[in-house]
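**Q** Sharing structure25.cif, mmCIF, C-alpha atoms:
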```cif
data_upload
loop_
_atom_site.group_PDB
_atom_site.id
_atom_site.type_symbol
_atom_site.label_atom_id
_atom_site.label_comp_id
_atom_site.auth_asym_id
_atom_site.auth_seq_id
_atom_site.Cartn_x
_atom_site.Cartn_y
_atom_site.Cartn_z
ATOM 1 C CA MET B 1 0.000 0.000 0.000
ATOM 2 C CA THR B 2 1.369 3.421 -0.967
ATOM 3 C CA LEU B 3 0.432 7.008 -0.256
ATOM 4 C CA GLN B 4 -0.184 7.422 -3.986
ATOM 5 C CA GLN B 5 -2.821 4.683 -3.914
ATOM 6 C CA LEU B 6 -4.511 6.318 -0.929
ATOM 7 C CA LYS B 7 -4.636 9.634 -2.822
ATOM 8 C CA TYR B 8 -6.272 7.862 -5.734
ATOM 9 C CA VAL B 9 -8.876 6.243 -3.468
ATOM 10 C CA ALA B 10 -9.736 9.641 -1.939
ATOM 11 C CA ALA B 11 -10.036 11.226 -5.394
ATOM 12 C CA ILE B 12 -12.332 8.479 -6.716
ATOM 13 C CA ASP B 13 -14.610 8.944 -3.718
ATOM 14 C CA ARG B 14 -14.649 12.709 -4.101
ATOM 15 C CA TYR B 15 -15.605 12.677 -7.779
ATOM 16 C CA ARG B 16 -17.486 9.349 -7.860
ATOM 17 C CA SER B 17 -16.182 9.032 -11.402
ATOM 18 C CA PHE B 18 -13.010 7.376 -12.703
ATOM 19 C CA ALA B 19 -12.822 9.802 -15.610
ATOM 20 C CA ARG B 20 -13.100 12.937 -13.464
ATOM 21 C CA ALA B 21 -10.778 11.563 -10.774
ATOM 22 C CA ALA B 22 -8.180 10.629 -13.392
ATOM 23 C CA GLU B 23 -8.396 14.109 -14.902
ATOM 24 C CA HIS B 24 -7.913 15.682 -11.470
ATOM 25 C CA LEU B 25 -4.932 13.416 -10.753
ATOM 26 C CA ASP B 26 -3.475 14.019 -14.218
ATOM 27 C CA ILE B 27 -3.244 10.316 -15.060
ATOM 28 C CA THR B 28 -5.093 8.075 -17.504
ATOM 29 C CA GLN B 29 -8.300 6.340 -16.505
ATOM 30 C CA PRO B 30 -6.872 2.815 -17.181
ATOM 31 C CA THR B 31 -3.910 3.580 -14.908
ATOM 32 C CA LEU B 32 -6.236 4.714 -12.125
ATOM 33 C CA SER B 33 -8.414 1.618 -12.481
ATOM 34 C CA ALA B 34 -5.402 -0.696 -12.450
ATOM 35 C CA LEU B 35 -3.946 0.863 -9.309
ATOM 36 C CA LEU B 36 -7.282 0.593 -7.512
ATOM 37 C CA VAL B 37 -7.620 -3.080 -8.468
ATOM 38 C CA LYS B 38 -4.083 -3.701 -7.202
ATOM 39 C CA LEU B 39 -4.922 -2.111 -3.846
ATOM 40 C CA GLU B 40 -8.173 -4.042 -3.527
ATOM 41 C CA ARG B 41 -6.334 -7.308 -4.195
ATOM 42 C CA GLU B 42 -3.691 -6.428 -1.637
ATOM 43 C CA LEU B 43 -6.333 -5.680 1.002
ATOM 44 C CA GLY B 44 -8.603 -8.517 -0.010
ATOM 45 C CA VAL B 45 -11.746 -6.341 -0.096
ATOM 46 C CA ARG B 46 -13.642 -4.241 -2.636
ATOM 47 C CA ILE B 47 -13.449 -0.530 -1.898
ATOM 48 C CA PHE B 48 -15.860 0.570 -4.624
ATOM 49 C CA GLU B 49 -18.770 -0.971 -6.458
ATOM 50 C CA ARG B 50 -18.563 -0.048 -10.155
ATOM 51 C CA THR B 51 -21.306 0.025 -12.754
ATOM 52 C CA ASN B 52 -21.577 1.756 -16.105
ATOM 53 C CA LYS B 53 -23.439 4.634 -14.463
ATOM 54 C CA GLN B 54 -21.899 5.127 -11.039
ATOM 55 C CA VAL B 55 -19.096 4.447 -8.599
ATOM 56 C CA THR B 56 -20.087 3.972 -4.946
ATOM 57 C CA PRO B 57 -18.019 2.905 -1.930
ATOM 58 C CA THR B 58 -18.775 -0.368 -0.197
ATOM 59 C CA ALA B 59 -19.416 -0.462 3.561
ATOM 60 C CA ILE B 60 -15.780 -1.349 4.299
ATOM 61 C CA GLY B 61 -14.742 1.013 1.501
ATOM 62 C CA LYS B 62 -16.221 3.976 3.377
ATOM 63 C CA LYS B 63 -14.051 3.183 6.395
ATOM 64 C CA ILE B 64 -10.956 2.738 4.261
ATOM 65 C CA ILE B 65 -11.631 6.010 2.437
ATOM 66 C CA ARG B 66 -11.881 7.972 5.706
ATOM 67 C CA GLN B 67 -8.537 6.554 6.851
ATOM 68 C CA ALA B 68 -7.006 7.240 3.442
ATOM 69 C CA GLU B 69 -8.119 10.873 3.603
ATOM 70 C CA LYS B 70 -6.558 11.243 7.038
ATOM 71 C CA ALA B 71 -3.293 9.722 5.864
ATOM 72 C CA VAL B 72 -3.129 11.917 2.773
ATOM 73 C CA TYR B 73 -3.948 15.025 4.803
ATOM 74 C CA GLU B 74 -1.209 14.319 7.342
ATOM 75 C CA ALA B 75 1.341 13.597 4.601
ATOM 76 C CA GLU B 76 0.528 16.871 2.853
ATOM 77 C CA ARG B 77 0.898 18.698 6.181
ATOM 78 C CA ILE B 78 4.470 17.403 6.412
ATOM 79 C CA ALA B 79 5.255 18.745 2.940
ATOM 80 C CA GLY B 80 3.570 22.015 3.873
ATOM 81 C CA LEU B 81 5.644 22.390 7.014
ATOM 82 C CA ALA B 82 8.808 21.898 5.003
ATOM 83 C CA ALA B 83 7.719 24.587 2.538
ATOM 84 C CA GLU B 84 6.932 26.985 5.398
ATOM 85 C CA GLU B 85 10.370 26.390 6.918
ATOM 86 C CA LYS B 86 12.035 27.196 3.587
ATOM 87 C CA GLY B 87 9.963 30.363 3.298
ATOM 88 C CA THR B 88 8.349 29.281 0.046
ATOM 89 C CA VAL B 89 4.714 29.329 -1.058
ATOM 90 C CA SER B 90 4.231 26.210 -3.125
ATOM 91 C CA GLY B 91 2.453 22.884 -3.322
ATOM 92 C CA PRO B 92 -1.242 22.032 -3.492
ATOM 93 C CA LEU B 93 -3.896 24.454 -2.244
ATOM 94 C CA SER B 94 -7.604 23.679 -2.194
ATOM 95 C CA LEU B 95 -9.782 26.743 -1.663
ATOM 96 C CA SER B 96 -13.564 26.913 -1.291
ATOM 97 C CA ALA B 97 -15.811 29.968 -1.600
ATOM 98 C CA GLY B 98 -19.543 30.321 -0.998
ATOM 99 C CA PRO B 99 -21.704 30.771 -4.120
ATOM 100 C CA THR B 100 -22.973 34.202 -3.035
ATOM 101 C CA ILE B 101 -19.386 35.403 -2.471
ATOM 102 C CA ALA B 102 -17.509 33.688 -5.292
ATOM 103 C CA PRO B 103 -18.602 36.015 -8.162
ATOM 104 C CA TYR B 104 -16.995 38.996 -6.449
ATOM 105 C CA LEU B 105 -13.754 37.340 -5.313
ATOM 106 C CA LEU B 106 -12.728 34.449 -7.529
ATOM 107 C CA PRO B 107 -12.277 36.023 -11.009
ATOM 108 C CA LYS B 108 -9.718 38.574 -9.797
ATOM 109 C CA PHE B 109 -8.221 36.281 -7.183
ATOM 110 C CA ILE B 110 -7.445 33.463 -9.625
ATOM 111 C CA ARG B 111 -5.591 35.782 -11.994
ATOM 112 C CA LEU B 112 -3.635 37.615 -9.287
ATOM 113 C CA TYR B 113 -2.768 34.539 -7.275
ATOM 114 C CA SER B 114 -1.721 32.425 -10.238
ATOM 115 C CA GLU B 115 0.571 35.176 -11.473
ATOM 116 C CA THR B 116 2.130 35.808 -8.057
ATOM 117 C CA TYR B 117 2.457 32.196 -6.885
ATOM 118 C CA PRO B 118 2.964 30.033 -9.984
ATOM 119 C CA GLU B 119 4.377 27.154 -7.900
ATOM 120 C CA VAL B 120 1.073 26.662 -6.057
ATOM 121 C CA LYS B 121 -1.217 24.043 -7.558
ATOM 122 C CA LEU B 122 -4.491 25.851 -7.001
ATOM 123 C CA THR B 123 -7.835 24.055 -6.866
ATOM 124 C CA ILE B 124 -11.031 26.028 -6.229
ATOM 125 C CA ASN B 125 -14.473 24.677 -5.406
ATOM 126 C CA GLU B 126 -17.669 26.670 -5.016
ATOM 127 C CA MET B 127 -19.541 25.222 -2.041
ATOM 128 C CA LYS B 128 -22.326 26.189 0.312
ATOM 129 C CA ALA B 129 -21.196 26.696 3.886
ATOM 130 C CA ASP B 130 -22.293 23.336 5.294
ATOM 131 C CA ALA B 131 -20.579 21.404 2.493
ATOM 132 C CA MET B 132 -17.464 23.551 2.868
ATOM 133 C CA ILE B 133 -17.255 22.864 6.620
ATOM 134 C CA GLY B 134 -17.622 19.145 5.973
ATOM 135 C CA ALA B 135 -14.866 19.250 3.349
ATOM 136 C CA LEU B 136 -12.588 21.133 5.766
ATOM 137 C CA GLN B 137 -13.170 18.532 8.457
ATOM 138 C CA LEU B 138 -12.224 15.739 6.045
ATOM 139 C CA GLY B 139 -9.140 17.576 4.790
ATOM 140 C CA GLN B 140 -10.588 17.871 1.283
ATOM 141 C CA VAL B 141 -10.393 21.671 1.445
ATOM 142 C CA ASP B 142 -7.554 23.692 2.988
ATOM 143 C CA VAL B 143 -9.174 27.114 3.278
ATOM 144 C CA GLY B 144 -12.800 28.203 3.036
ATOM 145 C CA ILE B 145 -14.411 31.621 2.586
ATOM 146 C CA ALA B 146 -18.071 31.957 3.559
ATOM 147 C CA VAL B 147 -20.600 34.098 5.403
ATOM 148 C CA SER B 148 -19.708 34.285 9.099
ATOM 149 C CA GLY B 149 -21.400 32.268 11.807
ATOM 150 C CA ASN B 150 -20.548 28.667 10.871
ATOM 151 C CA ARG B 151 -18.874 27.682 14.115
ATOM 152 C CA VAL B 152 -18.168 23.987 14.629
ATOM 153 C CA PRO B 153 -15.632 22.145 16.804
ATOM 154 C CA GLY B 154 -12.242 21.750 15.186
ATOM 155 C CA ILE B 155 -12.743 24.601 12.692
ATOM 156 C CA ALA B 156 -11.359 28.105 13.261
ATOM 157 C CA GLU B 157 -13.476 31.007 12.002
ATOM 158 C CA ILE B 158 -11.472 34.162 11.271
ATOM 159 C CA PRO B 159 -13.527 37.336 10.592
ATOM 160 C CA PHE B 160 -12.216 38.762 7.311
ATOM 161 C CA TYR B 161 -14.406 41.577 6.008
ATOM 162 C CA THR B 162 -17.851 43.139 6.368
ATOM 163 C CA GLU B 163 -19.651 44.144 3.200
ATOM 164 C CA PRO B 164 -22.423 46.758 3.308
ATOM 165 C CA PHE B 165 -25.710 46.143 1.556
ATOM 166 C CA ARG B 166 -27.386 48.673 -0.702
ATOM 167 C CA VAL B 167 -31.042 48.874 -1.669
ATOM 168 C CA TYR B 168 -31.898 48.398 -5.315
ATOM 169 C CA LEU B 169 -35.219 50.050 -6.148
ATOM 170 C CA ALA B 170 -37.413 49.742 -9.198
ATOM 171 C CA GLU B 171 -37.634 52.824 -11.361
ATOM 172 C CA SER B 172 -41.277 53.224 -10.340
ATOM 173 C CA CYS B 173 -40.514 53.505 -6.622
ATOM 174 C CA ARG B 174 -37.294 55.502 -6.623
ATOM 175 C CA ARG B 175 -39.085 58.672 -5.460
ATOM 176 C CA LYS B 176 -35.695 60.394 -5.677
ATOM 177 C CA LEU B 177 -34.964 59.629 -2.017
ATOM 178 C CA PRO B 178 -31.299 60.208 -1.062
ATOM 179 C CA ALA B 179 -31.290 57.162 1.247
ATOM 180 C CA PHE B 180 -33.477 54.217 2.052
ATOM 181 C CA ASP B 181 -35.444 53.776 5.255
ATOM 182 C CA PRO B 182 -36.956 50.252 5.322
ATOM 183 C CA GLU B 183 -40.032 51.477 7.200
ATOM 184 C CA SER B 184 -40.944 53.767 4.314
ATOM 185 C CA LEU B 185 -41.340 50.793 1.972
ATOM 186 C CA GLU B 186 -42.815 48.302 4.402
ATOM 187 C CA HIS B 187 -45.772 47.571 2.134
ATOM 188 C CA GLU B 188 -43.852 47.327 -1.120
ATOM 189 C CA LYS B 189 -42.749 44.030 -2.658
ATOM 190 C CA MET B 190 -39.591 42.666 -1.125
ATOM 191 C CA TRP B 191 -37.539 40.358 -3.308
ATOM 192 C CA ILE B 192 -35.201 38.309 -1.138
ATOM 193 C CA MET B 193 -32.467 35.746 -1.757
ATOM 194 C CA LYS B 194 -32.469 33.598 1.353
ATOM 195 C CA GLU B 195 -28.944 32.228 1.106
ATOM 196 C CA SER B 196 -27.320 35.635 0.807
ATOM 197 C CA GLN B 197 -29.516 38.231 2.413
ATOM 198 C CA CYS B 198 -31.486 36.616 5.226
ATOM 199 C CA MET B 199 -28.815 34.400 6.675
ATOM 200 C CA ARG B 200 -28.411 34.863 10.423
ATOM 201 C CA ASP B 201 -27.587 38.558 11.027
ATOM 202 C CA SER B 202 -26.449 39.338 7.508
ATOM 203 C CA ALA B 203 -29.207 41.768 6.565
ATOM 204 C CA PHE B 204 -31.564 44.252 8.109
ATOM 205 C CA SER B 205 -34.184 42.974 10.459
ATOM 206 C CA PHE B 206 -37.247 42.737 8.224
ATOM 207 C CA CYS B 207 -35.631 39.767 6.533
ATOM 208 C CA LYS B 208 -36.300 37.837 9.715
ATOM 209 C CA ALA B 209 -39.878 39.071 10.081
ATOM 210 C CA ARG B 210 -41.233 37.554 6.900
ATOM 211 C CA SER B 211 -44.683 39.027 7.508
ATOM 212 C CA ALA B 212 -43.376 42.612 7.220
ATOM 213 C CA GLY B 213 -44.273 43.185 3.584
ATOM 214 C CA LYS B 214 -47.172 42.179 1.385
ATOM 215 C CA ARG B 215 -45.213 39.471 -0.377
ATOM 216 C CA ILE B 216 -41.688 38.081 -0.156
ATOM 217 C CA TYR B 217 -40.101 36.200 -3.017
ATOM 218 C CA GLU B 218 -36.935 34.125 -3.001
ATOM 219 C CA ALA B 219 -34.610 33.925 -5.994
ATOM 220 C CA GLY B 220 -31.368 32.117 -6.716
ATOM 221 C CA SER B 221 -28.983 34.938 -7.567
ATOM 222 C CA ILE B 222 -28.483 38.683 -7.249
ATOM 223 C CA GLU B 223 -28.705 39.077 -11.034
ATOM 224 C CA THR B 224 -32.091 37.352 -11.027
ATOM 225 C CA LEU B 225 -33.354 39.584 -8.224
ATOM 226 C CA ILE B 226 -32.314 42.739 -10.069
ATOM 227 C CA ARG B 227 -34.084 41.623 -13.248
ATOM 228 C CA ILE B 228 -37.207 40.759 -11.239
ATOM 229 C CA VAL B 229 -37.212 44.222 -9.681
ATOM 230 C CA ASP B 230 -36.686 45.887 -13.072
ATOM 231 C CA GLN B 231 -39.668 44.015 -14.524
ATOM 232 C CA ASN B 232 -42.026 43.843 -11.550
ATOM 233 C CA GLY B 233 -41.282 46.767 -9.275
ATOM 234 C CA GLY B 234 -40.486 46.718 -5.571
ATOM 235 C CA PHE B 235 -36.961 46.451 -4.230
ATOM 236 C CA THR B 236 -34.194 44.114 -3.144
ATOM 237 C CA ILE B 237 -30.871 44.406 -1.342
ATOM 238 C CA ILE B 238 -27.527 43.838 -3.036
ATOM 239 C CA PRO B 239 -23.945 43.606 -1.737
ATOM 240 C CA GLU B 240 -21.739 46.616 -2.377
ATOM 241 C CA MET B 241 -19.300 44.623 -4.508
ATOM 242 C CA HIS B 242 -22.108 43.973 -6.978
ATOM 243 C CA LEU B 243 -22.258 47.668 -7.951
ATOM 244 C CA PRO B 244 -19.625 47.374 -10.725
ATOM 245 C CA PHE B 245 -21.859 44.761 -12.414
ATOM 246 C CA LEU B 246 -24.719 47.276 -12.830
ATOM 247 C CA THR B 247 -25.346 49.461 -15.844
ATOM 248 C CA ASP B 248 -25.240 53.237 -15.448
ATOM 249 C CA ALA B 249 -29.038 53.338 -15.512
ATOM 250 C CA GLN B 250 -29.281 50.636 -12.839
ATOM 251 C CA ARG B 251 -26.824 52.442 -10.556
ATOM 252 C CA ARG B 252 -29.275 55.323 -10.378
ATOM 253 C CA ASN B 253 -31.685 52.928 -8.665
ATOM 254 C CA VAL B 254 -29.288 52.169 -5.798
ATOM 255 C CA ARG B 255 -29.695 53.772 -2.384
ATOM 256 C CA PRO B 256 -27.769 53.473 0.888
ATOM 257 C CA ILE B 257 -29.521 52.149 3.981
ATOM 258 C CA GLU B 258 -30.089 54.385 6.960
ATOM 259 C CA GLY B 259 -31.510 53.825 10.426
ATOM 260 C CA LYS B 260 -30.950 51.111 12.992
ATOM 261 C CA TYR B 261 -31.242 48.131 10.659
ATOM 262 C CA LEU B 262 -28.456 45.618 10.193
ATOM 263 C CA SER B 263 -27.218 46.334 6.711
ATOM 264 C CA GLY B 264 -24.205 44.220 5.906
ATOM 265 C CA ARG B 265 -22.876 40.707 5.746
ATOM 266 C CA SER B 266 -19.782 39.506 7.542
ATOM 267 C CA VAL B 267 -17.476 37.125 5.694
ATOM 268 C CA SER B 268 -14.962 34.849 7.401
ATOM 269 C CA ILE B 269 -12.043 32.619 6.517
ATOM 270 C CA TYR B 270 -12.352 29.034 7.755
ATOM 271 C CA ILE B 271 -9.498 26.621 8.447
ATOM 272 C CA ARG B 272 -8.998 23.527 10.543
ATOM 273 C CA GLN B 273 -7.686 24.168 14.043
ATOM 274 C CA ASP B 274 -4.589 22.142 13.184
ATOM 275 C CA PHE B 275 -3.816 24.137 10.009
ATOM 276 C CA MET B 276 -0.111 25.037 10.016
ATOM 277 C CA ARG B 277 0.713 26.822 6.761
ATOM 278 C CA GLU B 278 0.558 30.418 7.927
ATOM 279 C CA ARG B 279 2.613 31.728 5.018
ATOM 280 C CA LEU B 280 0.300 30.030 2.504
ATOM 281 C CA LEU B 281 -2.791 31.355 4.286
ATOM 282 C CA ASN B 282 -1.474 34.904 4.211
ATOM 283 C CA SER B 283 -0.633 34.626 0.526
ATOM 284 C CA ILE B 284 -4.374 34.127 -0.036
ATOM 285 C CA VAL B 285 -5.235 37.036 2.242
ATOM 286 C CA GLU B 286 -2.752 39.376 0.533
ATOM 287 C CA ALA B 287 -4.182 38.626 -2.915
ATOM 288 C CA LEU B 288 -7.758 39.242 -1.723
ATOM 289 C CA VAL B 289 -6.943 42.394 0.240
ATOM 290 C CA SER B 290 -5.361 43.879 -2.880
ATOM 291 C CA PHE B 291 -8.807 44.399 -4.440
ATOM 292 C CA ILE B 292 -11.404 44.182 -1.654
ATOM 293 C CA PRO B 293 -12.288 47.762 -0.608
ATOM 294 C CA GLY B 294 -10.028 48.669 2.314
ATOM 295 C CA ASN B 295 -12.837 49.969 4.526
ATOM 296 C CA MET B 296 -14.421 46.480 4.535
ATOM 297 C CA VAL B 297 -11.403 44.451 5.680
ATOM 298 C CA GLU B 298 -10.809 43.732 9.363
ATOM 299 C CA LYS B 299 -8.201 46.262 10.459
ATOM 300 C CA LYS B 300 -5.941 43.730 12.185
ATOM 301 C CA ILE B 301 -5.837 41.474 9.138
ATOM 302 C CA ALA B 302 -5.249 44.380 6.756
ATOM 303 C CA GLU B 303 -2.313 45.581 8.855
ATOM 304 C CA ARG B 304 -0.486 42.348 9.675
ATOM 305 C CA GLY B 305 -2.275 39.395 8.152
ATOM 306 C CA ILE B 306 -3.359 36.285 10.073
ATOM 307 C CA ARG B 307 -1.327 34.824 12.919
ATOM 308 C CA LEU B 308 -2.389 31.271 13.547
ATOM 309 C CA GLU B 309 -1.588 31.292 17.253
ATOM 310 C CA GLU B 310 -4.333 33.886 17.740
ATOM 311 C CA TRP B 311 -7.015 31.781 16.091
ATOM 312 C CA CYS B 312 -6.016 28.169 16.605
ATOM 313 C CA GLY B 313 -5.211 28.182 20.319
ATOM 314 C CA ARG B 314 -1.477 27.598 19.995
ATOM 315 C CA GLU B 315 1.361 28.580 22.265
#
```
Spit out the file's structure as structure tokens when you get a sec.

**A**
Amino acid sequence: MTLQQLKYVAAIDRYRSFARAAEHLDITQPTLSALLVKLERELGVRIFERTNKQVTPTAIGKKIIRQAEKAVYEAERIAGLAAEEKGTVSGPLSLSAGPTIAPYLLPKFIRLYSETYPEVKLTINEMKADAMIGALQLGQVDVGIAVSGNRVPGIAEIPFYTEPFRVYLAESCRRKLPAFDPESLEHEKMWIMKESQCMRDSAFSFCKARSAGKRIYEAGSIETLIRIVDQNGGFTIIPEMHLPFLTDAQRRNVRPIEGKYLSGRSVSIYIRQDFMRERLLNSIVEALVSFIPGNMVEKKIAERGIRLEEWCGRE
């Protein structure tokens, strides 16, 4: 049994496809299949059941896969520690970002990071917070970026930035107001995206009181919400970093929020408590801070980056 075989087992389970796993591992599908068969013969058990349509782990396979993931994770930590000691930023990096955050971070981040750190083998997955936390726990993801408030044992949550919301009004209800007071539009249509705008304390309070307006609708993306408002009237709330995506005419429909309402979403970085690659983590932070508006970023992180001993309970 080799570490390489364990990596292949973990990849097959992650993708549930020999073709996709082979592509990820940069080997041929026949080579991957042959190495799996060799391992199964060595162990004397079947790890996966294979059909023409799917690949699923057997009962004993699930246990073997979990141990394989742990072994691979620990081996990669050793390589990471060596890289940290040499002062280099290199090796594999798996990053996850939430779907309501990814459009504003990933396009610029990928270009900047790839240019600055060409020796890092970057893999990025867009995941909802619960899936991201699960992947972090299993060592399938190194660093996650998601809306704050996903605290679980063994995972460190590091507040990164707070993004203000703006109100996007339909042309018919602009009324030329300089700012938006939610109480003044209590009986208008509210168009809400649950995952982004009404999550925990990430938006102003009428998102929690779903009886506040006449009707509340839920859509799947900010772009969809804006088009709904343009066609049907009413209003929605959008993150500040969405403003560059608007046309000049649409920007005239944007208003700030005033009053006592919560009007922003906090975004955090998530890592395992035993994460050790501080230099690698800060390379991610530096790339993101280079284009996230400075007034949003946590002051301590903007000034000196992340120090793991402050967040992971180390001496």

**Q** Which polymer residues have any atom within 8 Å of an atom of Ile284 of chain B, counting only C-alpha atoms, with same-chain residues fewer than 4 positions away left out, as a list in words?

**A** Tyr113, Leu280 and Leu288 of chain B

**Q** Would you save the residues of that selection, restricted to C-alpha atoms, as an mmCIF file, keeping the file's coordinate frame?

**A**
```
data_model
loop_
_atom_site.group_PDB
_atom_site.id
_atom_site.type_symbol
_atom_site.label_atom_id
_atom_site.label_comp_id
_atom_site.auth_asym_id
_atom_site.auth_seq_id
_atom_site.Cartn_x
_atom_site.Cartn_y
_atom_site.Cartn_z
ATOM 1 C CA TYR B 113 -2.768 34.539 -7.275
ATOM 2 C CA LEU B 280 0.300 30.030 2.504
ATOM 3 C CA LEU B 288 -7.758 39.242 -1.723
#
```

**Q** Tell me, in Å to one decimal, how far atom CA of Ile306 of chain B is from atom CA of Glu278 of chain B.

**A**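 Atom CA of Glu278 of chain B lies 7.4 Å from atom CA of Ile306 of chain B.
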
**Q** Pull out every residue that the PyMOL selection byres ((chain B and resi 309) around 12) matches in the shown coordinates and put them as an MDAnalysis selection string.

**A** chainID B and resid 156 158 273:278 306:308 310:315

**Q** Compile the contact shell of Val55 of chain B as JSON, numbers by chain: residues with an atom at most 10 Å away, counting all atoms listed in the file, same-chain residues fewer than 2 positions apart removed.

**A** {"B": [12, 13, 15, 16, 17, 18, 48, 49, 50, 51, 52, 53, 57, 58]}

**Q** Write out as a PyMOL selection string each polymer residue whose atoms come within 10 Å of Tyr73 of chain B, counting all atoms listed in the file; drop sequence neighbours fewer than 5 positions from it.

**A** chain B and resi 7+67-68+78+138-142

**Q** Would you mind putting back N, CA and C atoms on segment 58-72 of chain B, then writing it out as an mmCIF file, keeping the file's coordinate frame?

**A**
```
data_model
loop_
_atom_site.group_PDB
_atom_site.id
_atom_site.type_symbol
_atom_site.label_atom_id
_atom_site.label_comp_id
_atom_site.auth_asym_id
_atom_site.auth_seq_id
_atom_site.Cartn_x
_atom_site.Cartn_y
_atom_site.Cartn_z
ATOM 1 N N THR B 58 -18.164 0.702 -0.969
ATOM 2 C CA THR B 58 -18.775 -0.368 -0.197
ATOM 3 C C THR B 58 -18.772 0.034 1.282
ATOM 4 N N ALA B 59 -19.383 -0.776 2.126
ATOM 5 C CA ALA B 59 -19.416 -0.462 3.561
ATOM 6 C C ALA B 59 -18.009 -0.387 4.129
ATOM 7 N N ILE B 60 -17.156 -1.399 3.820
ATOM 8 C CA ILE B 60 -15.780 -1.349 4.299
ATOM 9 C C ILE B 60 -14.995 -0.279 3.552
ATOM 10 N N GLY B 61 -15.398 -0.028 2.289
ATOM 11 C CA GLY B 61 -14.742 1.013 1.501
ATOM 12 C C GLY B 61 -14.854 2.385 2.143
ATOM 13 N N LYS B 62 -16.025 2.682 2.718
ATOM 14 C CA LYS B 62 -16.221 3.976 3.377
ATOM 15 C C LYS B 62 -15.235 4.168 4.521
ATOM 16 N N LYS B 63 -14.999 3.091 5.281
ATOM 17 C CA LYS B 63 -14.051 3.183 6.395
ATOM 18 C C LYS B 63 -12.619 3.352 5.889
ATOM 19 N N ILE B 64 -12.300 2.624 4.836
ATOM 20 C CA ILE B 64 -10.956 2.738 4.261
ATOM 21 C C ILE B 64 -10.726 4.134 3.697
ATOM 22 N N ILE B 65 -11.749 4.676 3.037
ATOM 23 C CA ILE B 65 -11.631 6.010 2.437
ATOM 24 C C ILE B 65 -11.366 7.063 3.507
ATOM 25 N N ARG B 66 -12.086 6.998 4.632
ATOM 26 C CA ARG B 66 -11.881 7.972 5.706
ATOM 27 C C ARG B 66 -10.439 7.903 6.228
ATOM 28 N N GLN B 67 -9.915 6.689 6.391
ATOM 29 C CA GLN B 67 -8.537 6.554 6.851
ATOM 30 C C GLN B 67 -7.546 7.040 5.798
ATOM 31 N N ALA B 68 -7.865 6.775 4.529
ATOM 32 C CA ALA B 68 -7.006 7.240 3.442
ATOM 33 C C ALA B 68 -6.940 8.758 3.418
ATOM 34 N N GLU B 69 -8.086 9.408 3.594
ATOM 35 C CA GLU B 69 -8.119 10.873 3.603
ATOM 36 C C GLU B 69 -7.278 11.426 4.737
ATOM 37 N N LYS B 70 -7.365 10.788 5.901
ATOM 38 C CA LYS B 70 -6.558 11.243 7.038
ATOM 39 C C LYS B 70 -5.068 11.095 6.750
ATOM 40 N N ALA B 71 -4.696 9.964 6.162
ATOM 41 C CA ALA B 71 -3.293 9.722 5.864
ATOM 42 C C ALA B 71 -2.753 10.722 4.841
ATOM 43 N N VAL B 72 -3.538 10.962 3.809
ATOM 44 C CA VAL B 72 -3.129 11.917 2.773
ATOM 45 C C VAL B 72 -3.006 13.322 3.360
#
```
